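Asks: Input input-v5.cif, format and content: mmCIF, C-alpha atoms.
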```cif
data_entry
#
loop_
_atom_site.label_atom_id
_atom_site.label_comp_id
_atom_site.auth_asym_id
_atom_site.auth_seq_id
_atom_site.Cartn_x
_atom_site.Cartn_y
_atom_site.Cartn_z
CA MET A 1 0.00 0.00 0.00
CA LEU A 2 1.31 3.42 -0.98
CA LYS A 3 2.10 5.92 1.77
CA SER A 4 1.59 9.66 1.44
CA PRO A 5 4.12 11.45 -0.77
CA SER A 6 7.36 12.09 1.07
CA HIS A 7 8.49 15.02 -1.07
CA VAL A 8 8.01 17.14 -4.15
CA THR A 9 10.60 17.49 -6.91
CA VAL A 10 10.62 21.06 -8.19
CA GLY A 11 12.17 22.18 -11.46
CA ALA A 12 14.31 25.32 -11.36
CA SER A 13 16.25 27.44 -13.82
CA SER A 14 18.56 28.26 -10.90
CA VAL A 15 18.85 25.71 -8.09
CA GLU A 16 20.51 28.34 -5.90
CA GLN A 17 17.73 30.89 -6.31
CA THR A 18 14.92 28.41 -5.65
CA ALA A 19 16.78 26.90 -2.68
CA ARG A 20 17.21 30.34 -1.12
CA PHE A 21 13.50 30.97 -1.64
CA PHE A 22 12.54 27.91 0.42
CA GLN A 23 15.23 28.63 3.01
CA ALA A 24 13.44 31.90 3.77
CA PHE A 25 10.54 29.80 5.09
CA GLY A 26 12.76 27.76 7.41
CA PHE A 27 13.74 24.86 5.15
CA VAL A 28 17.33 23.72 5.69
CA ARG A 29 19.56 22.68 2.82
CA GLU A 30 20.83 19.21 3.65
CA SER A 31 22.48 17.79 0.53
CA ASP A 32 23.61 18.54 -3.02
CA SER A 33 24.32 15.97 -5.72
CA THR A 34 24.63 15.35 -9.45
CA ILE A 35 22.05 13.36 -11.41
CA GLY A 36 23.65 11.41 -14.26
CA ALA A 37 22.60 11.80 -17.88
CA PHE A 38 20.60 8.55 -18.07
CA ALA A 39 18.51 9.33 -14.98
CA ALA A 40 18.07 12.97 -15.99
CA ARG A 41 16.74 11.89 -19.39
CA GLU A 42 14.50 9.09 -18.13
CA LEU A 43 13.06 10.88 -15.11
CA TYR A 44 12.92 14.50 -16.26
CA GLY A 45 13.29 14.57 -20.04
CA LEU A 46 16.56 16.50 -19.81
CA GLU A 47 19.30 16.25 -22.39
CA GLY A 48 22.28 15.83 -20.06
CA PRO A 49 23.29 15.45 -16.43
CA THR A 50 21.81 17.88 -13.95
CA HIS A 51 22.10 19.02 -10.35
CA GLU A 52 19.81 18.73 -7.35
CA THR A 53 19.64 20.00 -3.79
CA ARG A 54 17.40 18.76 -0.99
CA LEU A 55 15.78 20.93 1.65
CA ARG A 56 13.99 19.72 4.75
CA MET A 57 11.95 21.43 7.45
CA PRO A 58 13.64 20.74 10.83
CA GLY A 59 11.65 18.25 12.89
CA ALA A 60 9.62 16.95 9.94
CA GLU A 61 10.04 13.35 8.79
CA ALA A 62 8.61 14.06 5.34
CA GLY A 63 7.36 17.01 3.34
CA PHE A 64 10.82 17.80 2.01
CA ILE A 65 11.77 19.38 -1.31
CA ARG A 66 14.14 18.30 -4.08
CA VAL A 67 15.11 21.16 -6.37
CA VAL A 68 16.35 19.93 -9.76
CA ARG A 69 17.92 22.15 -12.39
CA ALA A 70 15.61 22.04 -15.41
CA SER A 71 16.70 23.10 -18.88
CA HIS A 72 13.10 23.57 -20.03
CA ASP A 73 11.76 27.08 -19.58
CA ALA A 74 8.96 28.02 -17.26
CA VAL A 75 5.47 28.17 -18.79
CA GLU A 76 2.97 30.78 -17.70
CA GLY A 77 -0.38 29.00 -17.52
CA GLY A 78 -3.95 30.22 -17.40
CA PRO A 79 -6.19 29.81 -14.33
CA PHE A 80 -7.83 26.61 -15.64
CA ASP A 81 -4.72 24.98 -17.10
CA ARG A 82 -4.27 21.36 -16.07
CA GLY A 83 -1.09 20.00 -14.56
CA PRO A 84 1.15 20.96 -11.61
CA HIS A 85 -0.46 23.94 -9.93
CA ALA A 86 0.81 24.90 -6.46
CA ILE A 87 2.72 23.79 -3.37
CA ASP A 88 1.04 24.45 -0.02
CA LEU A 89 2.51 25.29 3.38
CA TYR A 90 0.60 25.76 6.61
CA VAL A 91 1.31 28.98 8.50
CA ARG A 92 0.60 29.59 12.15
CA ASP A 93 -0.30 33.24 11.61
CA MET A 94 -0.75 34.80 8.17
CA ALA A 95 0.31 38.37 9.00
CA PRO A 96 3.89 37.65 10.20
CA ALA A 97 4.23 34.97 7.53
CA LEU A 98 3.57 37.53 4.79
CA GLU A 99 6.18 39.87 6.28
CA ILE A 100 8.73 37.12 5.67
CA VAL A 101 7.44 36.54 2.13
CA LYS A 102 7.98 40.23 1.34
CA ASN A 103 11.71 39.76 1.94
CA THR A 104 11.86 37.05 -0.75
CA HIS A 105 10.63 39.49 -3.42
CA ALA A 106 7.88 37.04 -4.36
CA SER A 107 4.67 38.38 -5.81
CA ILE A 108 2.00 38.31 -3.08
CA GLY A 109 -1.66 37.99 -3.95
CA PRO A 110 -4.75 38.86 -1.90
CA VAL A 111 -5.61 36.91 1.24
CA ALA A 112 -8.75 34.82 0.79
CA ALA A 113 -10.75 34.23 3.97
CA TYR A 114 -13.60 31.71 3.81
CA LYS A 115 -15.22 28.67 5.41
CA VAL A 116 -15.43 25.06 4.21
CA GLY A 117 -17.71 23.10 6.54
CA PRO A 118 -16.48 23.68 10.10
CA MET A 119 -13.09 25.07 9.01
CA THR A 120 -12.17 28.75 8.89
CA ILE A 121 -9.42 29.27 6.32
CA LYS A 122 -7.13 32.02 5.12
CA GLU A 123 -5.09 31.46 1.96
CA CYS A 124 -2.58 33.56 0.09
CA LYS A 125 -0.83 32.71 -3.18
CA CYS A 126 2.78 33.83 -3.47
CA VAL A 127 4.63 33.50 -6.77
CA GLY A 128 8.36 32.87 -6.46
CA PRO A 129 11.24 31.99 -8.82
CA ASP A 130 10.25 30.71 -12.28
CA GLY A 131 6.61 31.46 -11.49
CA LEU A 132 6.53 28.78 -8.78
CA ALA A 133 3.17 29.05 -6.98
CA LEU A 134 3.39 28.69 -3.20
CA VAL A 135 0.11 28.89 -1.27
CA LEU A 136 0.19 29.75 2.43
CA ILE A 137 -2.73 28.41 4.45
CA GLU A 138 -3.86 29.39 7.93
CA VAL A 139 -6.65 27.14 9.18
CA ASP A 140 -8.15 26.69 12.63
CA LYS A 141 -8.38 22.89 12.25
CA ARG A 142 -5.05 21.82 10.72
CA ARG A 143 -4.15 18.33 9.63
CA PRO A 144 -0.91 16.92 11.12
CA SER A 145 2.27 18.93 10.47
CA VAL A 146 5.48 20.01 12.15
CA LEU A 147 3.56 22.99 13.57
CA ASP A 148 2.09 20.50 16.08
CA LEU A 149 5.59 19.82 17.45
CA SER A 150 6.92 23.34 17.88
CA ALA A 151 5.08 26.34 19.27
CA HIS A 152 7.68 28.60 17.67
CA ALA A 153 7.55 27.31 14.09
CA LEU A 154 5.79 29.71 11.73
CA PHE A 155 5.77 27.56 8.56
CA SER A 156 5.12 23.84 8.10
CA GLU A 157 6.84 21.37 5.86
CA VAL A 158 5.12 20.87 2.49
CA HIS A 159 1.68 19.87 3.76
CA SER A 160 0.07 19.35 0.36
CA ALA A 161 0.63 19.95 -3.34
CA VAL A 162 -1.96 20.51 -6.03
CA TYR A 163 -2.55 19.32 -9.59
CA VAL A 164 -5.44 20.57 -11.72
CA VAL A 165 -7.16 17.69 -13.55
CA GLU A 166 -9.99 17.56 -16.07
CA SER A 167 -11.91 15.04 -13.97
CA VAL A 168 -11.33 14.04 -10.35
CA ASP A 169 -13.46 10.94 -10.88
CA ALA A 170 -11.27 9.79 -13.77
CA ALA A 171 -8.01 10.51 -11.90
CA ALA A 172 -8.91 9.31 -8.40
CA GLY A 173 -9.20 5.56 -9.02
CA PHE A 174 -5.46 5.06 -9.54
CA TRP A 175 -4.63 6.56 -6.13
CA LYS A 176 -7.42 4.74 -4.33
CA ASP A 177 -6.27 1.43 -5.80
CA ALA A 178 -2.73 2.26 -4.63
CA GLY A 179 -3.97 2.58 -1.05
CA LEU A 180 -4.47 6.30 -0.50
CA GLN A 181 -7.64 7.47 1.20
CA VAL A 182 -9.91 10.39 0.32
CA LEU A 183 -9.67 12.89 3.19
CA LEU A 184 -11.85 15.53 1.55
CA ASP A 185 -13.98 15.81 -1.58
CA ALA A 186 -15.90 19.06 -1.78
CA THR A 187 -17.33 21.23 -4.55
CA PHE A 188 -17.88 24.89 -3.80
CA ALA A 189 -17.88 28.42 -5.22
CA GLU A 190 -16.26 31.09 -3.08
CA PRO A 191 -15.66 34.64 -4.40
CA THR A 192 -12.53 35.19 -2.29
CA VAL A 193 -11.02 31.94 -3.60
CA ALA A 194 -11.89 32.93 -7.18
CA GLN A 195 -10.11 36.23 -6.61
CA PHE A 196 -6.89 34.77 -5.23
CA MET A 197 -6.82 32.07 -7.95
CA HIS A 198 -7.52 34.69 -10.67
CA LEU A 199 -10.60 32.80 -11.85
CA PRO A 200 -12.81 34.64 -14.36
CA ARG A 201 -16.02 34.73 -12.32
CA PRO A 202 -16.62 35.07 -8.57
CA ASP A 203 -19.10 32.17 -8.74
CA THR A 204 -16.65 29.81 -10.51
CA ARG A 205 -17.02 26.35 -8.98
CA LEU A 206 -14.13 24.13 -8.09
CA ARG A 207 -14.01 20.57 -6.84
CA LEU A 208 -11.21 19.82 -4.39
CA ALA A 209 -10.16 16.27 -3.52
CA LEU A 210 -7.44 15.43 -0.99
CA PHE A 211 -5.64 12.07 -0.76
CA ALA A 212 -3.24 10.65 1.85
CA ASP A 213 -2.43 7.49 3.74
CA PRO A 214 -4.56 6.49 6.77
CA GLY A 215 -2.33 8.55 9.09
CA GLN A 216 -3.16 11.68 7.05
CA ALA A 217 0.56 12.38 7.03
CA PRO A 218 2.11 15.01 4.80
CA ILE A 219 2.38 15.37 1.93
CA ARG A 220 -1.28 15.27 0.99
CA LEU A 221 -1.95 14.84 -2.74
CA GLU A 222 -4.56 17.35 -3.84
CA MET A 223 -6.47 17.56 -7.09
CA ILE A 224 -8.70 20.38 -8.31
CA GLU A 225 -11.32 20.10 -11.03
CA PHE A 226 -13.24 23.01 -12.55
CA PRO A 227 -16.66 21.51 -13.39
CA ASP A 228 -18.23 24.56 -15.06
CA PRO A 229 -18.28 24.66 -18.90
CA ASP A 230 -15.69 27.45 -19.15
CA GLY A 231 -13.29 25.36 -17.06
CA ARG A 232 -13.40 22.29 -19.31
CA GLY A 233 -10.87 21.39 -21.98
CA ALA A 234 -8.12 23.71 -20.75
CA PRO A 235 -4.53 23.15 -21.99
CA MET A 236 -2.32 20.62 -20.25
CA ILE A 237 1.07 21.55 -18.82
CA ASP A 238 2.73 18.15 -18.81
CA ALA A 239 4.61 16.92 -15.76
CA ARG A 240 7.48 15.91 -18.05
CA PRO A 241 9.76 17.20 -19.29
CA LEU A 242 10.29 18.84 -15.92
CA ARG A 243 9.94 22.59 -16.31
CA ALA A 244 11.19 25.40 -14.13
CA GLY A 245 8.53 26.30 -11.56
CA ARG A 246 6.64 22.99 -11.89
CA PHE A 247 6.80 19.83 -9.79
CA VAL A 248 6.03 16.14 -9.40
CA PHE A 249 5.18 14.11 -6.29
CA GLY A 250 7.74 11.76 -4.72
CA PHE A 251 6.85 8.52 -2.90
CA GLU A 252 9.12 6.20 -0.93
CA VAL A 253 8.50 2.50 -1.52
CA GLU A 254 10.20 -0.73 -0.48
CA ASP A 255 10.83 -1.97 -4.02
CA VAL A 256 10.42 0.19 -7.11
CA ALA A 257 10.02 -2.66 -9.60
CA ALA A 258 7.41 -4.39 -7.43
CA SER A 259 5.52 -1.13 -6.92
CA VAL A 260 5.43 -0.41 -10.65
CA LYS A 261 3.99 -3.88 -11.22
CA ALA A 262 1.43 -3.41 -8.44
CA MET A 263 0.27 -0.01 -9.72
CA PRO A 264 -0.90 -0.48 -13.33
CA GLY A 265 -2.72 2.34 -15.02
CA ALA A 266 0.19 4.80 -15.07
CA SER A 267 2.97 5.16 -17.64
CA TYR A 268 6.49 4.65 -16.27
CA SER A 269 10.07 5.39 -17.15
CA ARG A 270 12.80 2.83 -16.90
CA ILE A 271 14.20 2.35 -13.39
CA CYS A 272 17.23 4.56 -12.74
CA ARG A 273 19.80 5.11 -10.02
CA ILE A 274 20.39 8.34 -8.15
CA GLY A 275 23.16 7.53 -5.71
CA ARG A 276 22.13 4.33 -3.95
CA ASP A 277 18.41 4.92 -4.62
CA ALA A 278 16.35 3.20 -7.29
CA VAL A 279 13.92 5.63 -8.93
CA ALA A 280 11.19 5.44 -11.56
CA ALA A 281 9.05 8.26 -12.90
CA GLY A 282 5.33 7.84 -13.55
CA THR A 283 2.42 9.75 -15.01
CA ALA A 284 -0.95 8.82 -13.54
CA PRO A 285 -4.41 9.40 -15.05
CA GLY A 286 -5.16 13.10 -15.26
CA GLY A 287 -1.51 13.85 -16.02
CA VAL A 288 -0.37 13.71 -12.38
CA GLY A 289 3.41 13.29 -12.31
CA PHE A 290 5.13 11.26 -9.62
CA GLU A 291 8.30 9.37 -8.70
CA LEU A 292 8.80 6.11 -6.84
CA TRP A 293 11.96 6.03 -4.70
CA SER A 294 13.47 3.05 -2.93
CA PRO A 295 16.19 4.46 -0.64
CA ASN A 296 19.38 2.45 -0.38
CA ASP A 297 18.05 -0.16 -2.81
CA VAL A 298 21.07 -2.26 -3.63
#
```
Hey, can you dump this file as structure tokens for me?
Replies:
Amino acid sequence: MLKSPSHVTVGASSVEQTARFFQAFGFVRESDSTIGAFAARELYGLEGPTHETRLRMPGAEAGFIRVVRASHDAVEGGPFDRGPHAIDLYVRDMAPALEIVKNTHASIGPVAAYKVGPMTIKECKCVGPDGLALVLIEVDKRRPSVLDLSAHALFSEVHSAVYVVESVDAAAGFWKDAGLQVLLDATFAEPTVAQFMHLPRPDTRLRLALFADPGQAPIRLEMIEFPDPDGRGAPMIDARPLRAGRFVFGFEVEDVAASVKAMPGASYSRICRIGRDAVAAGTAPGGVGFELWSPNDV
């Protein structure tokens, strides 16, 4: 059974610039390495070897970030475009969090305040290097994160990441069969959300579905569908080749080859080596990009 994603792999035109961006939120740079030409081609569609750095939030077991130098340029998408959309962090308090964001020179959007069921939520979209969308979320009923362990932490590890899909129903079966559970599936129209997502109408509906393992551990895999007619048939920004400012999910598994066999329905790369790890890239229904990692697989 698949566990929640352990990390996201983010493409960057400059690894240094993107790493510094995440360090501003408290992530600590823990390793740098080279990815050989074969793995770079198979996993990311790159034409030669590349470089990566890993950043982790202190105290968090997962929710870390791999930043990979991508030779493919960033693509500026429209509000309905399908594919990798945003990376989410919890914040303890939105106001001081945004003061820190200002120092990164990211573009800061409006704060959306709204309710979903019993939850009171504030969200703010910040656009960093290569157009990378980072959404900060303050919510009175948080799911588990490193904020539960430290009263002084202001930002969480990556708590969720979002892909836009044409149909949640068509994309969800793969993840359910792999063992992830649906934590939330809600359709709503909220003018403040439409504003911060730059949607064309304040009454634009969106369907949000959230997937994780039974422990609800980060990272949660989130999919958004726009069910209204003007949200259908939008262009797809493919997960691969990896582009600057876009990302794929990363999962840790016991055996990559066995996991590929047990999870039909996705397309896969050949199995590669990055250091001692075995890695395969996949694209699931709906165009959701992911990686399967087996650490220290010898």
Asks: Run the PyMOL selection byres ((chain A and resi 132) around 10) mentally over the shown coordinates, then write out the matched residues as a list in words, using the chain letters and numbers from the document.
Replies: Val10, Gly11, Ala12, Thr18, Ala74, Glu76, Pro84, His85, Ala86, Ile87, Ala106, Cys126, Val127, Gly128, Pro129, Asp130, Gly131, Ala133, Leu134, Val135, Ala244, Gly245, Arg246 and Phe247 of chain A
Asks: The centre and edge lengths of an axis-aligned box containing all atoms of region 83-102 of chain A present in the file, extended by 3 Å on each side, are to be given in Å to one decimal, as JSON.
Replies:
```
{"center_x": 3.8, "center_y": 30.1, "center_z": -1.2, "size_x": 15.8, "size_y": 26.2, "size_z": 32.7}
```
Asks: Run the PyMOL selection byres ((chain A and resi 161) around 9) mentally over the shown coordinates, then write out the matched residues as a list of chain:residue names, using the chain letters and numbers from the document.
Replies: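 Applying the expression gives A:Val8, A:Pro84, A:His85, A:Ala86, A:Ile87, A:Asp88, A:Leu89, A:Val158, A:His159, A:Ser160, A:Val162, A:Tyr163, A:Ile219, A:Arg220, A:Leu221, A:Glu222, A:Met223, A:Phe247, A:Val248, A:Phe249.
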Asks: Given the PyMOL selection byres ((chain A and resi 63-71) around 7) and the file above, list the residues it selects as JSON, numbers by chain.
Replies: {"A": [6, 7, 8, 9, 10, 11, 12, 13, 14, 15, 46, 50, 51, 52, 53, 54, 55, 56, 57, 60, 62, 72, 73, 157, 158, 159, 218, 219, 242, 243, 244]}
Asks: If we count only C-alpha atoms, what is near Pro229 (chain A) at a cut-off of 12 Å, once residues fewer than 4 positions away on the same chain are taken out, given as a list in words?
Replies: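 In the requested format, the answer is Phe80, Glu166, Thr204, Arg205, Leu206, Glu225, Gly233 and Ala234 of chain A.
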Asks: Output C-alpha atoms of each residue in that selection to a file, as a PDB file, in the frame of the given file.
Replies:
```pdb
ATOM      1  CA  PHE A  80      -7.830  26.610 -15.640  1.00  0.00           C
ATOM      2  CA  GLU A 166      -9.990  17.560 -16.070  1.00  0.00           C
ATOM      3  CA  THR A 204     -16.650  29.810 -10.510  1.00  0.00           C
ATOM      4  CA  ARG A 205     -17.020  26.350  -8.980  1.00  0.00           C
ATOM      5  CA  LEU A 206     -14.130  24.130  -8.090  1.00  0.00           C
ATOM      6  CA  GLU A 225     -11.320  20.100 -11.030  1.00  0.00           C
ATOM      7  CA  GLY A 233     -10.870  21.390 -21.980  1.00  0.00           C
ATOM      8  CA  ALA A 234      -8.120  23.710 -20.750  1.00  0.00           C
TER       9      ALA A 234
END
```
